[in-house]
Structures are given as C-alpha cells and as structure tokens.
>>> print(open('protein_10.txt').read())   # compact mmCIF, C-alpha atoms
# COMPACT_ATOMS: atom_id res chain seq x y z
CA MET L 227 36.96 24.41 -8.12
CA LEU L 228 35.72 20.83 -8.00
CA GLN L 229 38.32 18.12 -7.75
CA SER L 230 38.07 14.81 -9.54
CA PRO L 231 36.83 12.23 -6.97
CA TRP L 232 38.12 9.11 -8.72
CA ASP L 233 41.26 7.19 -9.41
CA PRO L 234 41.18 6.75 -13.21
CA GLU L 235 43.02 3.43 -12.95
CA VAL L 236 40.39 1.72 -10.78
CA LEU L 237 36.87 2.92 -11.49
CA ASP L 238 33.99 1.69 -9.35
CA LEU L 239 31.20 3.60 -11.04
CA SER L 240 30.60 5.36 -14.33
CA ILE L 241 27.63 7.76 -14.18
CA VAL L 242 26.04 8.74 -17.49
CA ILE L 243 23.58 11.64 -17.68
CA VAL L 244 21.78 12.40 -20.94
CA ASN L 245 20.67 16.03 -20.99
CA TYR L 246 18.25 17.95 -23.20
CA ASN L 247 17.54 21.58 -22.29
CA THR L 248 17.45 21.06 -18.50
CA ARG L 249 20.40 23.26 -17.54
CA ASP L 250 19.30 24.33 -14.06
CA LEU L 251 18.18 20.86 -13.07
CA LEU L 252 21.42 19.45 -14.46
CA ARG L 253 23.41 21.86 -12.28
CA ALA L 254 21.52 20.75 -9.17
CA CYS L 255 21.90 17.08 -10.10
CA LEU L 256 25.65 17.39 -10.56
CA HIS L 257 26.05 19.25 -7.27
CA SER L 258 24.18 16.42 -5.53
CA LEU L 259 26.49 13.84 -7.10
CA PHE L 260 29.65 15.66 -6.06
CA ALA L 261 28.31 15.80 -2.50
CA SER L 262 28.24 11.98 -2.37
CA GLN L 263 29.73 10.34 0.71
CA GLY L 264 32.00 7.32 0.88
CA GLU L 265 35.23 6.13 -0.69
CA LEU L 266 33.88 5.95 -4.22
CA ARG L 267 35.96 6.01 -7.37
CA TYR L 268 33.49 7.37 -9.86
CA GLU L 269 33.34 9.35 -13.04
CA VAL L 270 30.54 11.48 -14.48
CA THR L 271 29.81 11.83 -18.19
CA VAL L 272 27.18 14.24 -19.48
CA VAL L 273 25.94 13.57 -23.00
CA ASP L 274 24.16 16.68 -24.25
CA ASN L 275 21.57 16.12 -26.98
CA ALA L 276 21.98 19.48 -28.78
CA SER L 277 20.50 21.60 -25.99
CA GLN L 278 19.78 25.24 -26.79
CA ASP L 279 19.75 26.50 -23.19
CA GLY L 280 23.48 26.68 -22.46
CA SER L 281 23.67 23.31 -20.72
CA ALA L 282 26.97 22.36 -22.36
CA ALA L 283 28.57 25.69 -21.45
CA LEU L 284 27.42 25.22 -17.87
CA VAL L 285 29.17 21.86 -17.63
CA ARG L 286 32.39 23.22 -19.13
CA GLN L 287 32.47 26.26 -16.86
CA GLU L 288 31.18 24.94 -13.52
CA PHE L 289 32.02 21.22 -13.55
CA PRO L 290 35.48 20.70 -15.09
CA PRO L 291 35.82 17.11 -13.76
CA VAL L 292 32.77 16.06 -15.78
CA HIS L 293 33.36 14.53 -19.20
CA LEU L 294 31.14 16.33 -21.71
CA LEU L 295 30.02 14.74 -24.98
CA GLU L 296 28.06 17.10 -27.25
CA ASN L 297 25.77 15.73 -29.94
CA ALA L 298 25.06 17.83 -33.01
CA GLU L 299 21.41 16.76 -32.88
CA ASN L 300 19.01 15.10 -30.47
CA GLU L 301 19.99 11.45 -30.87
CA GLY L 302 17.49 10.15 -28.35
CA TYR L 303 18.00 8.58 -24.95
CA ALA L 304 19.32 5.13 -25.86
CA ARG L 305 21.92 6.21 -28.41
CA ALA L 306 23.17 9.08 -26.27
CA ASN L 307 23.47 6.83 -23.22
CA ASN L 308 25.41 4.29 -25.24
CA ARG L 309 27.92 6.97 -26.21
CA GLY L 310 28.55 7.63 -22.53
CA LEU L 311 28.62 3.97 -21.55
CA ARG L 312 31.13 3.06 -24.24
CA ARG L 313 33.41 5.94 -23.30
CA ARG L 314 34.50 4.31 -20.07
CA VAL L 315 34.02 0.76 -18.76
CA ALA L 316 33.55 0.43 -15.00
CA ARG L 317 32.54 -2.20 -12.46
CA TYR L 318 29.13 -0.54 -12.36
CA SER L 319 27.35 1.98 -14.55
CA LEU L 320 24.57 4.32 -13.50
CA LEU L 321 22.05 5.71 -15.97
CA LEU L 322 20.81 8.91 -14.33
CA ASN L 323 18.38 11.61 -15.43
CA PRO L 324 19.37 15.25 -14.94
CA ASP L 325 16.02 15.92 -13.24
CA THR L 326 17.02 13.90 -10.17
CA LEU L 327 18.59 14.86 -6.87
CA VAL L 328 20.76 12.14 -5.36
CA PRO L 329 21.15 12.12 -1.55
CA PRO L 330 24.72 11.90 -0.19
CA ASN L 331 24.42 8.26 0.85
CA ALA L 332 22.74 6.96 -2.32
CA LEU L 333 25.75 5.92 -4.40
CA ARG L 334 27.50 4.25 -1.48
CA GLU L 335 24.40 2.31 -0.42
CA MET L 336 23.48 1.21 -3.92
CA LEU L 337 27.00 -0.07 -4.63
CA SER L 338 27.12 -1.83 -1.26
CA LEU L 339 23.87 -3.54 -2.18
CA MET L 340 25.31 -4.78 -5.47
CA GLU L 341 28.49 -5.98 -3.81
CA ALA L 342 26.48 -8.01 -1.29
CA ARG L 343 24.24 -9.62 -3.92
CA PRO L 344 26.30 -10.79 -6.87
CA ARG L 345 23.34 -12.09 -8.93
CA VAL L 346 21.61 -8.70 -8.93
CA GLY L 347 22.40 -7.32 -12.36
CA ILE L 348 20.27 -4.17 -12.21
CA ALA L 349 18.97 -2.16 -9.26
CA GLY L 350 17.02 1.01 -8.70
CA PRO L 351 15.97 3.06 -5.65
CA LYS L 352 12.63 4.43 -4.59
CA LEU L 353 11.94 7.51 -6.71
CA VAL L 354 9.62 10.16 -5.31
CA LEU L 355 8.07 13.09 -7.13
CA GLU L 356 8.30 16.71 -6.04
CA ASP L 357 5.01 16.42 -4.15
CA GLY L 358 6.20 13.33 -2.27
CA ARG L 359 4.21 10.77 -4.23
CA LEU L 360 5.88 7.62 -5.51
CA ASP L 361 7.11 7.75 -9.10
CA LEU L 362 5.22 4.66 -10.24
CA ALA L 363 7.71 3.92 -13.01
CA CYS L 364 10.47 3.04 -10.53
CA ARG L 365 9.26 -0.59 -10.30
CA ARG L 366 7.46 -2.34 -13.11
CA THR L 367 6.32 -5.57 -14.64
CA PHE L 368 7.14 -6.16 -18.31
CA PRO L 369 4.31 -5.01 -20.61
CA SER L 370 3.30 -8.47 -21.73
CA PRO L 371 0.21 -8.70 -23.96
CA GLN L 372 -2.01 -9.31 -20.96
CA VAL L 373 -0.48 -6.56 -18.81
CA SER L 374 -0.50 -4.12 -21.74
CA PHE L 375 -4.15 -4.88 -22.45
CA TYR L 376 -5.11 -4.12 -18.84
CA ARG L 377 -3.26 -0.80 -19.10
CA LEU L 378 -4.64 0.17 -22.50
CA VAL L 379 -8.26 -0.42 -21.47
CA GLY L 380 -7.81 1.33 -18.11
CA LEU L 381 -8.21 -1.63 -15.75
CA SER L 382 -4.85 -0.91 -14.11
CA ARG L 383 -6.12 2.53 -13.08
CA LEU L 384 -9.53 1.32 -11.96
CA PHE L 385 -8.12 -1.48 -9.79
CA PRO L 386 -4.59 -0.42 -8.71
CA ARG L 387 -4.60 -2.74 -5.67
CA SER L 388 -5.43 -5.80 -7.71
CA ARG L 389 -2.61 -8.33 -8.14
CA ARG L 390 -4.10 -9.12 -11.55
CA PHE L 391 -4.78 -5.65 -12.94
CA GLY L 392 -2.16 -3.64 -11.02
CA ARG L 393 0.90 -5.45 -12.33
CA TYR L 394 2.13 -2.77 -14.75
CA ASN L 395 3.43 -0.51 -11.95
CA LEU L 396 3.10 -3.10 -9.15
CA THR L 397 0.67 -0.75 -7.43
CA TYR L 398 -0.48 -3.52 -5.09
CA LEU L 399 2.93 -3.63 -3.38
CA ASP L 400 4.00 -1.53 -0.40
CA PRO L 401 6.30 1.19 -1.85
CA ASP L 402 8.67 0.66 1.08
CA GLN L 403 8.93 -3.07 0.41
CA GLU L 404 12.10 -4.32 -1.27
CA ALA L 405 11.21 -6.55 -4.20
CA GLU L 406 12.62 -8.40 -7.15
CA VAL L 407 10.85 -6.85 -10.13
CA ASP L 408 10.95 -7.08 -13.90
CA SER L 409 12.39 -3.59 -14.38
CA VAL L 410 13.37 -0.37 -12.69
CA VAL L 411 13.40 2.94 -14.54
CA GLY L 412 16.22 4.52 -16.55
CA ALA L 413 15.98 7.72 -14.50
CA PHE L 414 18.18 5.89 -11.97
CA MET L 415 19.27 2.47 -13.19
CA LEU L 416 22.40 0.91 -11.70
CA VAL L 417 23.82 -1.83 -13.93
CA ARG L 418 26.58 -4.31 -13.16
CA GLY L 419 29.37 -4.13 -15.72
CA GLU L 420 29.12 -7.84 -16.50
CA VAL L 421 25.56 -7.35 -17.68
CA PHE L 422 26.61 -5.04 -20.50
CA GLY L 423 29.46 -7.38 -21.32
CA GLU L 424 27.05 -10.28 -21.63
CA ILE L 425 23.97 -8.79 -23.34
CA GLY L 426 25.22 -5.55 -24.91
CA TYR L 427 24.12 -1.97 -24.42
CA LEU L 428 20.77 -0.22 -24.94
CA ASP L 429 18.78 -1.00 -28.07
CA GLU L 430 18.94 2.19 -30.13
CA SER L 431 15.67 1.38 -31.91
CA PHE L 432 14.07 2.98 -28.85
CA PHE L 433 14.30 6.78 -28.99
CA LEU L 434 12.85 8.11 -25.73
CA TYR L 435 11.13 5.30 -23.83
CA GLY L 436 11.31 1.53 -23.51
CA GLU L 437 15.07 1.03 -23.70
CA ASP L 438 15.25 0.44 -19.93
CA LEU L 439 12.52 -2.20 -20.08
CA ASP L 440 14.27 -3.89 -22.98
CA LEU L 441 17.62 -3.92 -21.17
CA ALA L 442 16.02 -5.42 -18.06
CA TYR L 443 14.21 -8.03 -20.17
CA ARG L 444 17.44 -9.15 -21.79
CA ALA L 445 19.26 -9.15 -18.45
CA LYS L 446 16.62 -11.35 -16.82
CA ALA L 447 16.62 -13.66 -19.82
CA ALA L 448 20.37 -14.08 -19.24
CA GLY L 449 19.79 -15.07 -15.63
CA TRP L 450 20.32 -11.78 -13.78
CA SER L 451 17.85 -10.44 -11.22
CA VAL L 452 16.46 -6.88 -11.04
CA LEU L 453 15.92 -5.31 -7.62
CA TYR L 454 13.80 -2.41 -6.37
CA TYR L 455 15.58 -1.05 -3.27
CA PRO L 456 13.47 1.51 -1.36
CA ARG L 457 16.00 2.08 1.45
CA VAL L 458 17.55 4.62 -0.92
CA VAL L 459 15.19 7.47 -1.89
CA VAL L 460 15.90 9.79 -4.84
CA LEU L 461 13.91 12.87 -5.82
CA HIS L 462 12.71 12.86 -9.43
CA TYR L 463 11.20 16.02 -10.93
CA LYS L 464 9.92 13.89 -13.86
CA ARG L 465 9.36 14.74 -17.53
CA GLN L 466 11.29 18.01 -17.40
CA ALA L 467 12.78 17.35 -20.84
CA SER L 468 9.88 15.48 -22.45
CA ARG L 469 7.31 18.15 -21.53
CA GLN L 470 9.12 20.46 -23.97
CA VAL L 471 8.05 18.15 -26.79
CA ARG L 472 4.77 16.70 -25.52
CA ALA L 473 3.46 15.43 -28.85
CA LEU L 474 6.75 13.69 -29.64
CA ALA L 475 6.92 12.21 -26.14
CA ARG L 476 3.41 10.78 -26.37
CA ARG L 477 4.07 9.29 -29.79
CA GLU L 478 7.40 7.81 -28.70
CA PHE L 479 5.86 6.26 -25.60
CA TYR L 480 3.40 4.23 -27.63
CA ARG L 481 5.98 3.54 -30.32
CA ALA L 482 8.24 2.11 -27.60
CA MET L 483 5.41 -0.11 -26.36
CA TYR L 484 4.90 -1.33 -29.90
CA LEU L 485 8.61 -2.02 -30.48
CA PHE L 486 8.91 -3.87 -27.17
CA TYR L 487 5.84 -5.95 -27.98
CA GLN L 488 7.08 -6.78 -31.48
CA LYS L 489 10.52 -7.70 -30.24
CA HIS L 490 9.58 -9.91 -27.30
CA TYR L 491 5.94 -11.02 -27.53
CA ALA L 492 4.33 -10.74 -30.96
CA ARG L 493 5.48 -14.13 -32.25
CA THR L 494 3.82 -16.00 -29.38
CA THR L 495 0.65 -13.92 -28.98
CA PRO L 496 -2.69 -15.40 -30.14
CA ARG L 497 -4.14 -13.67 -33.19
CA TRP L 498 -7.21 -12.35 -31.39
CA LEU L 499 -5.12 -10.73 -28.64
CA HIS L 500 -2.55 -9.50 -31.17
CA GLY L 501 -5.32 -7.64 -32.98
CA LEU L 502 -6.65 -6.07 -29.77
CA ILE L 503 -3.18 -4.86 -28.76
CA LEU L 504 -2.51 -3.31 -32.16
CA ALA L 505 -5.93 -1.66 -32.15
CA GLY L 506 -5.28 -0.18 -28.72
CA LEU L 507 -1.89 1.15 -29.78
CA LEU L 508 -3.39 2.62 -32.95
CA LEU L 509 -6.04 4.45 -30.95
CA ARG L 510 -3.56 5.81 -28.39
CA GLY L 511 -0.51 6.44 -30.56
CA GLY L 512 -2.04 8.49 -33.35
CA PRO L 513 -1.65 8.47 -37.14
CA GLU L 514 2.15 8.37 -37.29
CA LEU L 515 2.34 5.32 -35.06
CA GLY L 516 -0.47 3.82 -37.12
CA ARG L 517 1.64 4.15 -40.26
CA THR L 518 4.58 2.53 -38.47
CA ILE L 519 2.42 -0.40 -37.38
CA LEU L 520 0.84 -0.86 -40.78
CA ARG L 521 4.22 -0.78 -42.53
CA SER L 522 5.69 -3.37 -40.19
CA GLN L 523 2.64 -5.63 -40.34
CA PHE L 524 2.15 -5.66 -44.08
CA ASP L 525 5.54 -4.79 -45.59
CA GLY L 526 7.78 -7.06 -43.53
CA LYS L 527 9.65 -4.19 -41.88
CA GLU L 528 10.01 -5.65 -38.37
CA ALA L 529 13.68 -6.37 -38.83
CA GLN L 530 14.38 -2.85 -40.05
CA LEU L 531 12.45 -1.32 -37.16
CA LEU L 532 14.20 -3.38 -34.54
CA ARG L 533 17.65 -3.46 -36.16
>>> encode(input="protein_10.txt", output="structure tokens")
Amino acid sequence: MLQSPWDPEVLDLSIVIVNYNTRDLLRACLHSLFASQGELRYEVTVVDNASQDGSAALVRQEFPPVHLLENAENEGYARANNRGLRRRVARYSLLLNPDTLVPPNALREMLSLMEARPRVGIAGPKLVLEDGRLDLACRRTFPSPQVSFYRLVGLSRLFPRSRRFGRYNLTYLDPDQEAEVDSVVGAFMLVRGEVFGEIGYLDESFFLYGEDLDLAYRAKAAGWSVLYYPRVVVLHYKRQASRQVRALARREFYRAMYLFYQKHYARTTPRWLHGLILAGLLLRGGPELGRTILRSQFDGKEAQLLR
C-alpha cells in the first residue's frame, strides 16, 4: 500500500490532475509521481470530470493517498483544475495532465529551479511525444493578432525557422535551450503560490484550451517571468482525452483563441486586422463558433462570455 509522502502541516507542492476517461494513463502517471526522488512534501489531487471508464474507482482502490474529487459532469479543464487548486494551498502548485510520465528527478529539479530564481512565477519542462519529437506546445509566444494571423494563414508552418513567422511555438529556438517565454503548457505547468495569490486562478470562461495562456499572460503582466526549462524532460502522450471528442476539441481550440483575443487584444487591434482575425476564426472554428463571434460582436456579449 502506498504511503503518504508529505507532511500535511508544511506542503511544498500541490499536484492537480484533471482526468477524463484516461484510466490506464492516469495509473501510469500516478505511479511515476510516487516514484519521485528527493525530500518533497507533496500532495496529489485527482479531479475526475465524470469519467465512464472506472478512473475514479481506480484512484480509490489503488492510490489511497490521492485526494479524489468527482464531478457529476465534465466541467472542463479550467474549472476542474480550480477545484483542485482551491482544495489545498501550497508553496507551489503543479497542473499536470494524466497522459504524462514524470521522471523520478523531475519534481525535485523543477522545485530547485523555482527556489533559485524567485522572480520565476511559472515554469515548464521539455515535453516530448511518444515518438521522441518535441511537443511544440511546451513553449509558446502569446497569440497576438500578428502571431495569430501568421498561424491562421499557415506561414508559421511554411517557415518554422523564421523568427518572424515561427513565434507561435518558438520553432526557431533550439529545443534544448533554456528560455524565458510567454507561456508553457498546462500539461505540466508549475506555478508559484504567490502568483495565484496575486492574480487569481484559471479563467473558467475557457473550457478545454487557452486557460494556461491566459494565466501566463496575467502573471507576466503582474511582473512574473515564465521559464522553459529543458533540463527536465517529461513524456507526453498528448490528446488522449480530447481525441475522444474530436469535434468538441477542435471547436474549443478556436473558441479559446477567440476568447483570448477578445480579452487581451481586441480593443487595441486595428479594424482591418480585427476583421481578418475574425474571418480566419470563422473559417476554422465552424458554425457554432461563428454564432458565438456574431453574438459577441453585435449583441454586446463580451462581458458575459469572459465573465
């Protein structure tokens, strides 16, 4: 039987995993966490978004030290993560996907990094896919109007080594080069506790994507830095939950881009570029996103959308 590896009075790290029908991957992820090395006082919370594959039963039966929160319905990534984050305050919090495998040294090295650099508010490791390729999402530039336009029209894919066109995923950088970036990805996002205390938790307007970008944007606006740290390498199986609902995932990706744009850039974007961005999102996001955009543009619903 697993023993609890933390002192509940002094918690270094709170790890929150949001799960949706990824039972076997969740099991492997949790085993990797409990194999972590170092004198770490940490706690693991699994928030299950109404899985139908026995994920919650697995946690109860095989991982008794894990705190399990069960949602009656799929509440999305941001809201479910916030439930876990609010359950226990720690010096650091880790947002972690269940489709990751964390090497034994990862938690110790990432916390040592944060301790050594007090102005780093958010950090993430190098994420690699099952075939060994870099998970491009693990280091990103904010999707500003210009950067989003390059992505929507395909210039970022045509010229990945360009410092101008390759900014979305920073594809012109050496993947083994440490760098201050705009954002790391929520699949493994280590956040200093003071950041949440200063700027709040994830924006629950985002359902499946974009909440990590928004958190990093607000953290940087408050003066914190965001660091990509490739000395730690984590395996990411990628999209194991979202592939079960492909149409929803695609729609939510472009909806998240729209929400992020509306929240942070729309008011300062020239009309001609604003129109091009909306047209690109309409073409990519489909009819339902189109209705969302039209409602917000012509019925004054931005505030309701962004809460």
>>> closest_residue(input="protein_10.txt", among="L:Leu396, L:Leu322, L:Met483, L:Ala473", to="L:Leu416", atoms="all atoms listed in the file")
L:Leu322
>>> atom_distance(input="protein_10.txt", atom1="atom CA of L:Ala332", atom2="atom CA of L:Ser262")
7.4 Å
>>> residues_around(input="protein_10.txt", residues="L:Ile503", least_positions_apart="3", cutoff="12 Å", atoms="all atoms listed in the file", output="PyMOL selection string")
chain L and resi 369-379+480+483-484+487-488+491-492+495-500+506-511+519
>>> closest_residue(input="protein_10.txt", among="L:Asn331, L:Ser240, L:Gln287, L:Gln278", to="L:Leu311", atoms="all atoms listed in the file")
L:Ser240
>>> closest_atom_pairs(input="protein_10.txt", of="stretch 258-331 of chain L", to="stretch 458-464 of chain L", cutoff="8 Å", atoms="only C-alpha atoms", output="tab-separated table")
residue	atom	partner	partner_atom	distance
L:Asp325	CA	L:Tyr463	CA	5.3
L:Thr326	CA	L:His462	CA	4.5
L:Leu327	CA	L:Leu461	CA	5.2
L:Val328	CA	L:Val460	CA	5.4
L:Pro329	CA	L:Val460	CA	6.6
L:Asn331	CA	L:Val458	CA	8.0
>>> atom_distance(input="protein_10.txt", atom1="atom CA of L:Arg393", atom2="atom CA of L:Val407")
10.3 Å
>>> closest_residue(input="protein_10.txt", among="L:Ala304, L:Ala405, L:Leu339, L:Leu239", to="L:Ala316", atoms="all atoms listed in the file")
L:Leu239
>>> atom_distance(input="protein_10.txt", atom1="atom CA of L:Arg253", atom2="atom CA of L:Asn300")
19.9 Å
>>> residues_around(input="protein_10.txt", residues="L:Ala282", least_positions_apart="5", cutoff="9 Å", atoms="all atoms listed in the file", output="list of chain:residue names")
L:Arg249, L:Val272, L:Val273, L:Asp274, L:Ala276, L:Ser277, L:Gln287, L:Leu294, L:Leu295, L:Glu296
>>> residues_around(input="protein_10.txt", residues="L:Gly302", least_positions_apart="4", cutoff="10 Å", atoms="all atoms listed in the file", output="PyMOL selection string")
chain L and resi 244-246+275+306-307+430-435
>>> residues_near_point(input="protein_10.txt", point="(13.2, -3.5, 2.7)", cutoff="10 Å", atoms="only C-alpha atoms", output="NGL selection string")
:L and (400-405 or 454-458)
>>> closest_residue(input="protein_10.txt", among="L:Ala283, L:Ile348, L:Leu381, L:Val270", to="L:Asp250", atoms="only C-alpha atoms")
L:Ala283
>>> residues_around(input="protein_10.txt", residues="L:Arg334", least_positions_apart="6", cutoff="9 Å", atoms="only C-alpha atoms", output="VMD selection string")
chain L and resid 262 to 266
>>> residues_around(input="protein_10.txt", residues="L:Arg317", least_positions_apart="4", cutoff="10 Å", atoms="only C-alpha atoms", output="list in words")
Val236, Leu237, Asp238, Leu239, Ser240, Tyr268, Leu337, Val417, Arg418, Gly419 and Glu420 of chain L
>>> build_atoms(input="protein_10.txt", residues="stretch 338-357 of chain L", atoms="N, CA and C atoms", output="JSON list (two decimals), in the coordinates of the input")
[["chain", "number", "residue", "atom", "x", "y", "z"],
["L", 338, "SER", "N", 26.99, -0.82, -2.31],
["L", 338, "SER", "CA", 27.12, -1.83, -1.26],
["L", 338, "SER", "C", 26.10, -2.94, -1.47],
["L", 339, "LEU", "N", 24.91, -2.56, -1.87],
["L", 339, "LEU", "CA", 23.87, -3.54, -2.18],
["L", 339, "LEU", "C", 24.34, -4.50, -3.27],
["L", 340, "MET", "N", 24.87, -3.95, -4.35],
["L", 340, "MET", "CA", 25.31, -4.78, -5.47],
["L", 340, "MET", "C", 26.47, -5.68, -5.09],
["L", 341, "GLU", "N", 27.37, -5.17, -4.26],
["L", 341, "GLU", "CA", 28.49, -5.98, -3.81],
["L", 341, "GLU", "C", 28.02, -7.17, -2.97],
["L", 342, "ALA", "N", 26.97, -6.95, -2.18],
["L", 342, "ALA", "CA", 26.48, -8.01, -1.29],
["L", 342, "ALA", "C", 25.64, -9.05, -2.02],
["L", 343, "ARG", "N", 25.14, -8.71, -3.21],
["L", 343, "ARG", "CA", 24.24, -9.62, -3.92],
["L", 343, "ARG", "C", 24.72, -9.78, -5.37],
["L", 344, "PRO", "N", 25.63, -10.69, -5.57],
["L", 344, "PRO", "CA", 26.30, -10.79, -6.87],
["L", 344, "PRO", "C", 25.42, -11.20, -8.04],
["L", 345, "ARG", "N", 24.22, -11.73, -7.80],
["L", 345, "ARG", "CA", 23.34, -12.09, -8.93],
["L", 345, "ARG", "C", 22.37, -10.97, -9.29],
["L", 346, "VAL", "N", 22.40, -9.87, -8.54],
["L", 346, "VAL", "CA", 21.61, -8.70, -8.93],
["L", 346, "VAL", "C", 22.34, -7.98, -10.05],
["L", 347, "GLY", "N", 21.76, -7.97, -11.22],
["L", 347, "GLY", "CA", 22.40, -7.32, -12.36],
["L", 347, "GLY", "C", 22.02, -5.87, -12.52],
["L", 348, "ILE", "N", 20.80, -5.53, -12.08],
["L", 348, "ILE", "CA", 20.27, -4.17, -12.21],
["L", 348, "ILE", "C", 19.52, -3.83, -10.94],
["L", 349, "ALA", "N", 19.69, -2.60, -10.46],
["L", 349, "ALA", "CA", 18.97, -2.16, -9.26],
["L", 349, "ALA", "C", 18.56, -0.71, -9.40],
["L", 350, "GLY", "N", 17.48, -0.37, -8.72],
["L", 350, "GLY", "CA", 17.02, 1.01, -8.70],
["L", 350, "GLY", "C", 16.43, 1.36, -7.35],
["L", 351, "PRO", "N", 16.48, 2.63, -6.94],
["L", 351, "PRO", "CA", 15.97, 3.06, -5.65],
["L", 351, "PRO", "C", 14.48, 3.40, -5.73],
["L", 352, "LYS", "N", 13.96, 3.84, -4.63],
["L", 352, "LYS", "CA", 12.63, 4.43, -4.59],
["L", 352, "LYS", "C", 12.73, 5.85, -5.13],
["L", 353, "LEU", "N", 11.98, 6.15, -6.17],
["L", 353, "LEU", "CA", 11.94, 7.51, -6.71],
["L", 353, "LEU", "C", 10.66, 8.18, -6.25],
["L", 354, "VAL", "N", 10.79, 9.40, -5.73],
["L", 354, "VAL", "CA", 9.62, 10.16, -5.31],
["L", 354, "VAL", "C", 9.54, 11.45, -6.11],
["L", 355, "LEU", "N", 8.31, 11.87, -6.38],
["L", 355, "LEU", "CA", 8.07, 13.09, -7.13],
["L", 355, "LEU", "C", 8.19, 14.31, -6.21],
["L", 356, "GLU", "N", 8.12, 15.48, -6.80],
["L", 356, "GLU", "CA", 8.30, 16.71, -6.04],
["L", 356, "GLU", "C", 7.26, 16.86, -4.94],
["L", 357, "ASP", "N", 6.06, 16.31, -5.16],
["L", 357, "ASP", "CA", 5.01, 16.42, -4.15],
["L", 357, "ASP", "C", 5.03, 15.28, -3.14]]
